[in-house]
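Containing mmCIF, C-alpha atoms: structure.cif.
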data_final
loop_
_atom_site.group_PDB
_atom_site.id
_atom_site.type_symbol
_atom_site.label_atom_id
_atom_site.label_comp_id
_atom_site.auth_asym_id
_atom_site.auth_seq_id
_atom_site.Cartn_x
_atom_site.Cartn_y
_atom_site.Cartn_z
ATOM 1 C CA MET H 14 -22.032 7.918 6.644
ATOM 2 C CA ARG H 15 -20.883 10.558 4.160
ATOM 3 C CA ILE H 16 -17.262 9.935 5.082
ATOM 4 C CA ARG H 17 -17.819 6.220 4.341
ATOM 5 C CA ILE H 18 -19.319 6.916 0.911
ATOM 6 C CA THR H 19 -16.491 9.332 0.125
ATOM 7 C CA SER H 20 -13.906 6.759 1.211
ATOM 8 C CA ILE H 21 -15.308 4.018 -1.009
ATOM 9 C CA ALA H 22 -15.559 6.440 -3.966
ATOM 10 C CA LEU H 23 -11.971 7.653 -3.552
ATOM 11 C CA GLY H 24 -10.870 4.020 -3.189
ATOM 12 C CA ALA H 25 -12.662 3.151 -6.438
ATOM 13 C CA ILE H 26 -10.844 5.972 -8.275
ATOM 14 C CA THR H 27 -7.569 4.668 -6.853
ATOM 15 C CA GLY H 28 -8.246 1.071 -7.906
ATOM 16 C CA PHE H 29 -9.267 2.193 -11.393
ATOM 17 C CA VAL H 30 -6.049 4.201 -11.735
ATOM 18 C CA PHE H 31 -4.021 1.211 -10.480
ATOM 19 C CA GLY H 32 -5.581 -0.915 -13.231
ATOM 20 C CA TRP H 33 -5.240 1.680 -15.993
ATOM 21 C CA ALA H 34 -1.631 2.490 -15.064
ATOM 22 C CA ARG H 35 -0.808 -1.274 -15.166
ATOM 23 C CA MET H 36 0.053 -1.314 -11.454
ATOM 24 C CA THR H 37 -2.023 -4.497 -11.175
ATOM 25 C CA ASP H 38 0.654 -6.240 -13.280
ATOM 26 C CA PRO H 39 3.612 -7.446 -11.143
ATOM 27 C CA GLU H 40 5.839 -6.977 -14.213
ATOM 28 C CA THR H 41 5.368 -3.209 -13.762
ATOM 29 C CA PHE H 42 6.991 -3.415 -10.308
ATOM 30 C CA HIS H 43 9.606 -5.862 -11.569
ATOM 31 C CA ARG H 44 10.695 -3.268 -14.143
ATOM 32 C CA MET H 45 10.539 -0.504 -11.521
ATOM 33 C CA LEU H 46 12.496 -2.335 -8.802
ATOM 34 C CA GLY H 47 14.920 -3.869 -11.302
ATOM 35 C CA LEU H 48 15.694 -0.289 -12.381
ATOM 36 C CA HIS H 49 14.525 -0.836 -15.966
ATOM 37 C CA SER H 50 11.803 1.802 -15.894
ATOM 38 C CA ALA H 51 11.421 5.147 -14.117
ATOM 39 C CA ARG H 52 7.659 5.333 -14.765
ATOM 40 C CA ILE H 53 6.391 4.324 -11.297
ATOM 41 C CA TYR H 54 9.016 6.465 -9.541
ATOM 42 C CA LEU H 55 7.829 9.462 -11.568
ATOM 43 C CA LEU H 56 4.205 8.521 -10.837
ATOM 44 C CA MET H 57 4.886 8.404 -7.084
ATOM 45 C CA CYS H 58 6.824 11.678 -7.130
ATOM 46 C CA ALA H 59 3.983 13.378 -9.025
ATOM 47 C CA ALA H 60 1.443 12.056 -6.488
ATOM 48 C CA VAL H 61 3.568 13.264 -3.566
ATOM 49 C CA ALA H 62 4.102 16.682 -5.177
ATOM 50 C CA VAL H 63 0.373 17.259 -5.711
ATOM 51 C CA ALA H 64 -0.528 16.000 -2.221
ATOM 52 C CA PHE H 65 2.291 18.087 -0.695
ATOM 53 C CA VAL H 66 0.804 21.278 -2.152
ATOM 54 C CA GLY H 67 -2.777 20.202 -1.384
ATOM 55 C CA ALA H 68 -1.985 19.360 2.234
ATOM 56 C CA ARG H 69 -0.312 22.714 2.818
ATOM 57 C CA LEU H 70 -3.214 24.636 1.309
ATOM 58 C CA LEU H 71 -5.608 22.711 3.584
ATOM 59 C CA ARG H 72 -3.642 22.794 6.832
ATOM 60 C CA GLY H 73 -5.449 24.722 9.563
ATOM 61 C CA ARG H 74 -8.814 24.707 7.745
ATOM 62 C CA ASP H 75 -11.871 22.735 8.879
ATOM 63 C CA ALA H 76 -12.567 19.412 7.146
ATOM 64 C CA LEU H 77 -15.629 19.623 4.878
ATOM 65 C CA LEU H 78 -17.579 16.634 6.233
ATOM 66 C CA THR H 79 -16.383 16.255 9.818
ATOM 67 C CA GLY H 80 -15.489 19.817 10.753
ATOM 68 C CA GLU H 81 -12.296 18.465 12.262
ATOM 69 C CA ARG H 82 -9.277 20.744 11.972
ATOM 70 C CA ILE H 83 -6.975 19.537 9.174
ATOM 71 C CA ASP H 84 -3.586 19.092 10.788
ATOM 72 C CA TRP H 85 -0.839 16.597 11.533
ATOM 73 C CA THR H 86 2.057 16.238 13.932
ATOM 74 C CA ALA H 87 5.532 14.929 13.129
ATOM 75 C CA THR H 88 6.104 11.231 13.875
ATOM 76 C CA PRO H 89 9.754 10.434 14.615
ATOM 77 C CA PRO H 90 11.161 7.210 13.105
ATOM 78 C CA THR H 91 11.698 4.281 15.483
ATOM 79 C CA ARG H 92 13.445 0.926 15.365
ATOM 80 C CA SER H 93 10.061 -0.612 14.487
ATOM 81 C CA HIS H 94 9.778 1.541 11.344
ATOM 82 C CA LEU H 95 13.222 0.427 10.172
ATOM 83 C CA ILE H 96 12.913 -3.301 10.852
ATOM 84 C CA GLY H 97 9.386 -3.407 9.463
ATOM 85 C CA SER H 98 10.388 -1.565 6.303
ATOM 86 C CA VAL H 99 13.215 -4.020 5.624
ATOM 87 C CA LEU H 100 10.819 -7.003 5.911
ATOM 88 C CA PHE H 101 8.257 -5.197 3.772
ATOM 89 C CA GLY H 102 10.840 -4.429 1.071
ATOM 90 C CA VAL H 103 11.918 -8.072 0.819
ATOM 91 C CA GLY H 104 8.275 -9.196 0.523
ATOM 92 C CA TRP H 105 7.601 -6.552 -2.137
ATOM 93 C CA GLY H 106 10.682 -7.623 -4.107
ATOM 94 C CA ILE H 107 9.539 -11.261 -4.146
ATOM 95 C CA SER H 108 5.845 -10.722 -4.849
ATOM 96 C CA GLU H 109 6.244 -7.554 -6.961
ATOM 97 C CA ALA H 110 3.099 -6.281 -5.271
ATOM 98 C CA CYS H 111 2.370 -3.978 -2.360
ATOM 99 C CA PRO H 112 -0.980 -3.903 -0.516
ATOM 100 C CA GLY H 113 -2.781 -1.284 -2.672
ATOM 101 C CA PRO H 114 -2.115 -2.923 -6.043
ATOM 102 C CA THR H 115 -2.808 -6.335 -4.459
ATOM 103 C CA ALA H 116 -6.289 -5.091 -3.495
ATOM 104 C CA ALA H 117 -6.861 -3.896 -7.072
ATOM 105 C CA GLN H 118 -5.621 -7.277 -8.392
ATOM 106 C CA LEU H 119 -8.325 -8.998 -6.326
ATOM 107 C CA GLY H 120 -10.833 -7.007 -8.373
ATOM 108 C CA SER H 121 -9.080 -7.372 -11.705
ATOM 109 C CA GLY H 122 -9.000 -11.159 -11.576
ATOM 110 C CA ARG H 123 -5.373 -12.015 -10.839
ATOM 111 C CA VAL H 124 -6.198 -15.195 -8.930
ATOM 112 C CA LEU H 125 -2.836 -15.678 -7.183
ATOM 113 C CA ALA H 126 -3.142 -12.232 -5.569
ATOM 114 C CA VAL H 127 -5.400 -14.073 -3.103
ATOM 115 C CA ALA H 128 -2.281 -15.871 -1.777
ATOM 116 C CA VAL H 129 -0.461 -12.539 -1.287
ATOM 117 C CA ALA H 130 -3.523 -10.945 0.333
ATOM 118 C CA ALA H 131 -3.966 -13.906 2.703
ATOM 119 C CA GLY H 132 -0.299 -13.596 3.655
ATOM 120 C CA VAL H 133 -0.626 -9.856 4.294
ATOM 121 C CA MET H 134 -3.710 -10.321 6.487
ATOM 122 C CA THR H 135 -2.034 -13.140 8.436
ATOM 123 C CA GLY H 136 1.160 -11.099 8.835
ATOM 124 C CA VAL H 137 -0.681 -8.035 10.136
ATOM 125 C CA ARG H 138 -2.508 -10.282 12.594
ATOM 126 C CA LEU H 139 0.729 -11.979 13.787
ATOM 127 C CA GLN H 140 2.917 -8.877 14.052
ATOM 128 C CA PRO H 141 2.059 -7.728 17.613
ATOM 129 C CA TRP H 142 2.740 -11.255 18.865
ATOM 130 C CA LEU H 143 6.068 -11.483 16.978
ATOM 131 C CA ALA H 144 7.056 -8.034 18.252
ATOM 132 C CA ARG H 145 6.380 -9.121 21.833
ATOM 133 C CA ILE H 146 8.533 -12.241 21.424
ATOM 134 C CA ALA H 147 11.320 -10.139 19.886
ATOM 135 C CA ARG H 148 11.094 -7.638 22.755
ATOM 136 C CA GLU H 149 11.253 -10.367 25.364
ATOM 137 C CA ALA H 150 14.219 -11.970 23.627
ATOM 138 C CA ARG H 151 16.156 -8.712 23.757
ATOM 139 C CA ASP H 152 17.962 -7.313 26.759
ATOM 140 C CA SER H 153 15.266 -5.971 29.088
ATOM 141 C CA SER H 154 16.935 -2.557 29.190
ATOM 142 C CA ALA H 155 16.275 -2.174 25.444
ATOM 143 C CA ALA H 156 12.615 -3.153 25.764
ATOM 144 C CA GLY H 157 11.335 0.403 26.010
ATOM 145 C CA THR H 158 10.267 1.132 22.429
ATOM 146 C CA PRO H 159 6.568 0.499 21.886
ATOM 147 C CA GLY H 160 5.441 -0.198 18.321
ATOM 148 C CA VAL H 161 3.035 1.777 16.182
ATOM 149 C CA GLN H 162 -0.497 1.920 17.629
ATOM 150 C CA PRO H 163 -3.243 0.331 15.429
ATOM 151 C CA SER H 164 -5.006 3.674 14.938
ATOM 152 C CA GLU H 165 -1.736 5.234 13.806
ATOM 153 C CA VAL H 166 -1.215 2.795 10.916
ATOM 154 C CA LEU H 167 -1.366 4.626 7.583
ATOM 155 C CA MET M 16 -13.282 4.085 -25.143
ATOM 156 C CA ARG M 17 -11.732 0.657 -25.076
ATOM 157 C CA SER M 18 -8.638 1.745 -27.030
ATOM 158 C CA THR M 19 -8.148 4.629 -24.578
ATOM 159 C CA LEU M 20 -8.336 2.195 -21.684
ATOM 160 C CA ASP M 21 -5.970 -0.210 -23.444
ATOM 161 C CA ALA M 22 -3.175 2.357 -23.512
ATOM 162 C CA THR M 23 -1.307 2.626 -20.212
ATOM 163 C CA LEU M 24 -2.385 5.723 -18.305
ATOM 164 C CA PRO M 25 0.660 8.075 -18.356
ATOM 165 C CA TRP M 26 2.400 8.682 -15.036
ATOM 166 C CA TRP M 27 1.733 12.409 -15.269
ATOM 167 C CA ILE M 28 -2.009 11.733 -15.151
ATOM 168 C CA ALA M 29 -2.026 8.731 -12.787
ATOM 169 C CA GLY M 30 0.331 10.315 -10.229
ATOM 170 C CA PRO M 31 -1.472 13.656 -9.832
ATOM 171 C CA THR M 32 -4.833 11.806 -9.697
ATOM 172 C CA LEU M 33 -3.572 9.801 -6.710
ATOM 173 C CA GLY M 34 -2.268 13.072 -5.240
ATOM 174 C CA LEU M 35 -5.777 14.530 -5.522
ATOM 175 C CA VAL M 36 -7.254 11.431 -3.839
ATOM 176 C CA ILE M 37 -4.857 11.969 -0.910
ATOM 177 C CA THR M 38 -5.739 15.679 -0.802
ATOM 178 C CA SER M 39 -9.471 14.912 -0.935
ATOM 179 C CA LEU M 40 -9.314 12.550 2.064
ATOM 180 C CA LEU M 41 -7.585 15.289 4.033
ATOM 181 C CA ALA M 42 -10.141 17.845 2.864
ATOM 182 C CA VAL M 43 -13.260 15.867 3.760
ATOM 183 C CA GLY M 44 -12.209 14.461 7.112
ATOM 184 C CA ASN M 45 -8.548 15.113 7.976
ATOM 185 C CA ARG M 46 -7.925 11.486 7.020
ATOM 186 C CA ARG M 47 -4.781 9.802 5.767
ATOM 187 C CA PHE M 48 -4.763 7.789 2.562
ATOM 188 C CA GLY M 49 -3.246 4.347 3.192
ATOM 189 C CA VAL M 50 -4.127 0.750 2.469
ATOM 190 C CA LEU M 51 -2.645 -0.924 5.525
ATOM 191 C CA GLY M 52 -4.899 1.008 7.898
ATOM 192 C CA GLY M 53 -7.880 -0.799 6.366
ATOM 193 C CA VAL M 54 -6.175 -4.173 6.681
ATOM 194 C CA THR M 55 -5.396 -3.377 10.332
ATOM 195 C CA ASP M 56 -9.049 -2.501 11.026
ATOM 196 C CA VAL M 57 -10.189 -5.837 9.550
ATOM 197 C CA ALA M 58 -7.527 -7.738 11.509
ATOM 198 C CA PHE M 59 -8.162 -6.123 14.895
ATOM 199 C CA GLY M 60 -11.338 -4.069 14.678
ATOM 200 C CA SER M 61 -11.383 -0.327 15.405
ATOM 201 C CA ALA M 62 -13.453 2.335 17.148
ATOM 202 C CA GLU M 63 -15.239 2.876 13.809
ATOM 203 C CA GLY M 64 -16.015 -0.791 13.250
ATOM 204 C CA ARG M 65 -14.310 -3.819 11.845
ATOM 205 C CA PHE M 66 -15.621 -4.380 8.309
ATOM 206 C CA ALA M 67 -17.174 -1.024 7.460
ATOM 207 C CA SER M 68 -14.782 1.569 8.890
ATOM 208 C CA PRO M 69 -13.867 4.346 6.435
ATOM 209 C CA ARG M 70 -10.361 2.844 6.195
ATOM 210 C CA VAL M 71 -11.751 -0.569 5.246
ATOM 211 C CA LEU M 72 -14.162 0.976 2.732
ATOM 212 C CA LEU M 73 -11.251 2.756 1.065
ATOM 213 C CA VAL M 74 -9.638 -0.652 0.433
ATOM 214 C CA ALA M 75 -12.985 -2.139 -0.640
ATOM 215 C CA GLY M 76 -13.229 0.744 -3.113
ATOM 216 C CA ILE M 77 -9.806 -0.141 -4.531
ATOM 217 C CA VAL M 78 -10.983 -3.726 -5.144
ATOM 218 C CA LEU M 79 -14.127 -2.394 -6.867
ATOM 219 C CA GLY M 80 -12.064 0.080 -8.908
ATOM 220 C CA GLY M 81 -9.806 -2.720 -10.120
ATOM 221 C CA LEU M 82 -12.915 -4.712 -11.056
ATOM 222 C CA ALA M 83 -14.489 -1.722 -12.839
ATOM 223 C CA TYR M 84 -11.367 -1.139 -14.923
ATOM 224 C CA THR M 85 -11.223 -4.798 -15.939
ATOM 225 C CA LEU M 86 -14.920 -4.883 -16.880
ATOM 226 C CA LEU M 87 -14.671 -1.685 -18.967
ATOM 227 C CA ASP M 88 -11.415 -2.711 -20.598
ATOM 228 C CA GLY M 89 -12.891 -6.118 -21.358
ATOM 229 C CA THR M 90 -9.767 -8.140 -20.631
ATOM 230 C CA PRO M 91 -9.793 -10.099 -17.376
ATOM 231 C CA ASP M 92 -6.373 -9.651 -15.979
ATOM 232 C CA ALA M 93 -4.389 -12.823 -15.916
ATOM 233 C CA GLY M 94 -6.176 -15.903 -14.640
ATOM 234 C CA ILE M 95 -3.606 -17.974 -12.801
ATOM 235 C CA ALA M 96 -0.628 -16.202 -14.397
ATOM 236 C CA TYR M 97 1.115 -13.981 -11.841
ATOM 237 C CA SER M 98 4.643 -12.786 -12.574
ATOM 238 C CA TRP M 99 8.141 -13.921 -13.549
ATOM 239 C CA LEU M 100 7.706 -16.492 -10.747
ATOM 240 C CA ASP M 101 5.435 -18.461 -13.125
ATOM 241 C CA ALA M 102 8.492 -19.570 -15.095
ATOM 242 C CA HIS M 103 10.149 -21.090 -12.028
ATOM 243 C CA LEU M 104 7.303 -22.277 -9.832
ATOM 244 C CA SER M 105 3.798 -23.567 -10.227
ATOM 245 C CA GLY M 106 0.851 -24.718 -8.190
ATOM 246 C CA ALA M 107 1.420 -25.159 -4.488
ATOM 247 C CA GLY M 108 5.039 -23.957 -4.628
ATOM 248 C CA GLU M 109 4.111 -20.615 -6.168
ATOM 249 C CA ILE M 110 1.174 -20.174 -3.790
ATOM 250 C CA ALA M 111 3.479 -20.877 -0.818
ATOM 251 C CA VAL M 112 6.108 -18.363 -2.000
ATOM 252 C CA LEU M 113 3.485 -15.679 -2.621
ATOM 253 C CA PHE M 114 1.850 -16.337 0.761
ATOM 254 C CA GLY M 115 5.298 -16.095 2.392
ATOM 255 C CA ALA M 116 6.011 -12.811 0.596
ATOM 256 C CA GLY M 117 2.615 -11.601 1.783
ATOM 257 C CA LEU M 118 3.521 -12.556 5.361
ATOM 258 C CA LEU M 119 6.705 -10.462 5.145
ATOM 259 C CA ILE M 120 4.699 -7.570 3.717
ATOM 260 C CA GLY M 121 2.045 -7.862 6.444
ATOM 261 C CA VAL M 122 4.411 -8.226 9.409
ATOM 262 C CA GLY M 123 6.761 -5.575 8.016
ATOM 263 C CA ALA M 124 4.190 -2.982 7.036
ATOM 264 C CA ARG M 125 2.317 -3.389 10.349
ATOM 265 C CA ALA M 126 5.562 -2.933 12.309
ATOM 266 C CA ALA M 127 6.471 0.070 10.153
ATOM 267 C CA GLY M 128 2.970 1.519 10.527
ATOM 268 C CA GLY M 129 2.282 1.811 6.825
ATOM 269 C CA CYS M 130 2.976 0.588 3.310
ATOM 270 C CA THR M 131 3.877 2.199 0.006
ATOM 271 C CA SER M 132 0.668 4.213 -0.073
ATOM 272 C CA GLY M 133 0.659 5.322 3.579
ATOM 273 C CA HIS M 134 4.342 6.065 4.015
ATOM 274 C CA GLY M 135 5.441 6.457 0.384
ATOM 275 C CA LEU M 136 2.666 8.782 -0.732
ATOM 276 C CA THR M 137 0.711 10.282 2.184
ATOM 277 C CA GLY M 138 3.433 10.378 4.851
ATOM 278 C CA SER M 139 5.991 11.657 2.365
ATOM 279 C CA ALA M 140 3.634 14.433 1.209
ATOM 280 C CA LEU M 141 3.208 15.438 4.874
ATOM 281 C CA MET M 142 7.012 15.284 5.249
ATOM 282 C CA GLN M 143 6.665 12.879 8.198
ATOM 283 C CA PRO M 144 10.167 11.883 9.347
ATOM 284 C CA ALA M 145 9.007 8.321 10.142
ATOM 285 C CA SER M 146 7.476 7.974 6.679
ATOM 286 C CA LEU M 147 10.501 9.349 4.827
ATOM 287 C CA VAL M 148 12.799 6.944 6.669
ATOM 288 C CA SER M 149 10.371 4.054 6.108
ATOM 289 C CA ILE M 150 9.853 4.565 2.370
ATOM 290 C CA GLY M 151 13.602 5.058 1.847
ATOM 291 C CA THR M 152 14.255 1.761 3.618
ATOM 292 C CA ILE M 153 11.424 -0.018 1.791
ATOM 293 C CA MET M 154 12.665 1.165 -1.622
ATOM 294 C CA ALA M 155 16.299 0.290 -0.969
ATOM 295 C CA THR M 156 15.385 -3.190 0.289
ATOM 296 C CA ALA M 157 12.890 -3.916 -2.479
ATOM 297 C CA ILE M 158 15.347 -2.795 -5.168
ATOM 298 C CA GLY M 159 18.124 -4.849 -3.540
ATOM 299 C CA THR M 160 15.878 -7.930 -3.341
ATOM 300 C CA THR M 161 14.840 -7.614 -6.989
ATOM 301 C CA LEU M 162 18.417 -7.130 -8.227
ATOM 302 C CA VAL M 163 19.606 -10.150 -6.216
ATOM 303 C CA LEU M 164 16.735 -12.333 -7.474
ATOM 304 C CA ASP M 165 17.393 -11.219 -11.066
ATOM 305 C CA ALA M 166 21.065 -12.077 -10.672
ATOM 306 C CA VAL M 167 20.678 -15.533 -9.119
ATOM 307 C CA ILE M 168 17.558 -16.896 -10.864
#
For this file, write the structure as structure tokens.
Amino acid sequence: MRIRITSIALGAITGFVFGWARMTDPETFHRMLGLHSARIYLLMCAAVAVAFVGARLLRGRDALLTGERIDWTATPPTRSHLIGSVLFGVGWGISEACPGPTAAQLGSGRVLAVAVAAGVMTGVRLQPWLARIAREARDSSAAGTPGVQPSEVL
Amino acid sequence: MRSTLDATLPWWIAGPTLGLVITSLLAVGNRRFGVLGGVTDVAFGSAEGRFASPRVLLVAGIVLGGLAYTLLDGTPDAGIAYSWLDAHLSGAGEIAVLFGAGLLIGVGARAAGGCTSGHGLTGSALMQPASLVSIGTIMATAIGTTLVLDAVI
């Protein structure tokens, strides 16, 4: 229960920051991806830098609420990561929104974000089926690479 | 208060705040910050439940946070305005394009095992090879798509 309350609280902080930093406005991503503004790149780098240090300070300790050991193992990139990331990038370039800011837009009243969110949910639902068709269409000798397991999705 | 909220939060406050959110999720439960995990739980269910798993509640929190900012700031975001697409499309056409873009995002991010938050922030901070390759590919493709669209439209 406590992990659920913590998750919703940390999500609320995230959504508030998305709104305040104008990440709920697609124009922000248009300026970022059109290379007119470095602001979101700097924002992401700052987030990664802080989390990089935080994660290393925490590694090997016990998690506060679950007691689980804080640790991670290296995931090697696969064909699925590459193909998926290309599709994702094209969708992001068209909609100027990725899933986190889209969620915040649902709260901030950007009505058409509902269309993007419905597409994302449908796409996530369809992906295993599409991946199976793609695997079957390929040479059977190349059919050995399983995709990312649902519990492994970040 | 309202004038503070009206000014865009600087990147050097927003970025580290998100970094602390990622760190906090690790600290409380060895959990990874990422939006697509929540979407995946809703789409397929999970061992922790379908609509109230911690990953889903994180996304629900983001919706509530966006709502809270809008209520405090006092300016509902945009109504039916969306982006530069508004100048070229309207009504059903714009909805169809945005739904299609969402489909690409959903299929792609699910295949890649994460989106900008999961791979770009959390996975990158953990120096995950899969995440570094994914976010590099996502960025290059998204920038390429935007530059092409800007050039032809």
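Residue nearest Thr19 of chain M, chosen from M:Phe66, M:Phe48, M:Phe59, M:Tyr84 and counting only C-alpha atoms: M:Tyr84.
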Worksheet item: atom CA of Leu70 of chain H and atom CA of Val43 of chain M are how many Å apart?
Response: 13.6 Å
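In this comparison, which uses all atoms listed in the file, the residue of H:Ala144, H:Ala76, H:Leu46, H:Leu56 approaching Trp105 of chain H most closely is H:Leu46.
Among H:Ile96, H:Ala62, H:Ala130, H:Ala110, the residue with the shortest atom-to-atom distance to Thr41 of chain H, counting only C-alpha atoms, is H:Ala110.
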Hey, could you make a per-residue contact list for segment 47-151 of chain H against segment 21-27 of chain H with 12 Å as the cut-off, showing the nearest pair of atoms and its distance in Å to one decimal, counting all atoms listed in the file, sorted by chain and number, as CSV?
residue,atom,partner,partner_atom,distance
H:Ala60,CA,H:Thr27,CA,11.7
H:Gly113,CA,H:Thr27,CA,8.7
H:Pro114,CA,H:Thr27,CA,9.4
H:Ala116,CA,H:Gly24,CA,10.2
H:Ala117,CA,H:Thr27,CA,8.6
H:Gly120,CA,H:Ala25,CA,10.5
Fill in: Expected selection from the PyMOL selection byres ((chain M and resi 164) around 12), given as a PyMOL selection string
(chain H and resi 43+46-47+103+106-109) or (chain M and resi 99-100+103+157-163+165-168)
Worksheet, complete the sentence: If you count all atoms listed in the file, the residue of H:Pro112, H:Gln140, H:Leu71, H:Ala150 closest to Pro163 of chain H turns out to be H:Gln140
Item to complete: Rounded to one decimal place, report the atom CA of Ala124 of chain M-atom CA of Leu73 of chain M distance in Å.
Response: 17.5 Å
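Distance annotation: of H:Ala87, H:Leu119, H:Ala64, H:Met57, the residue with the minimal separation from Gly32 of chain H is H:Leu119; atom set is all atoms listed in the file.
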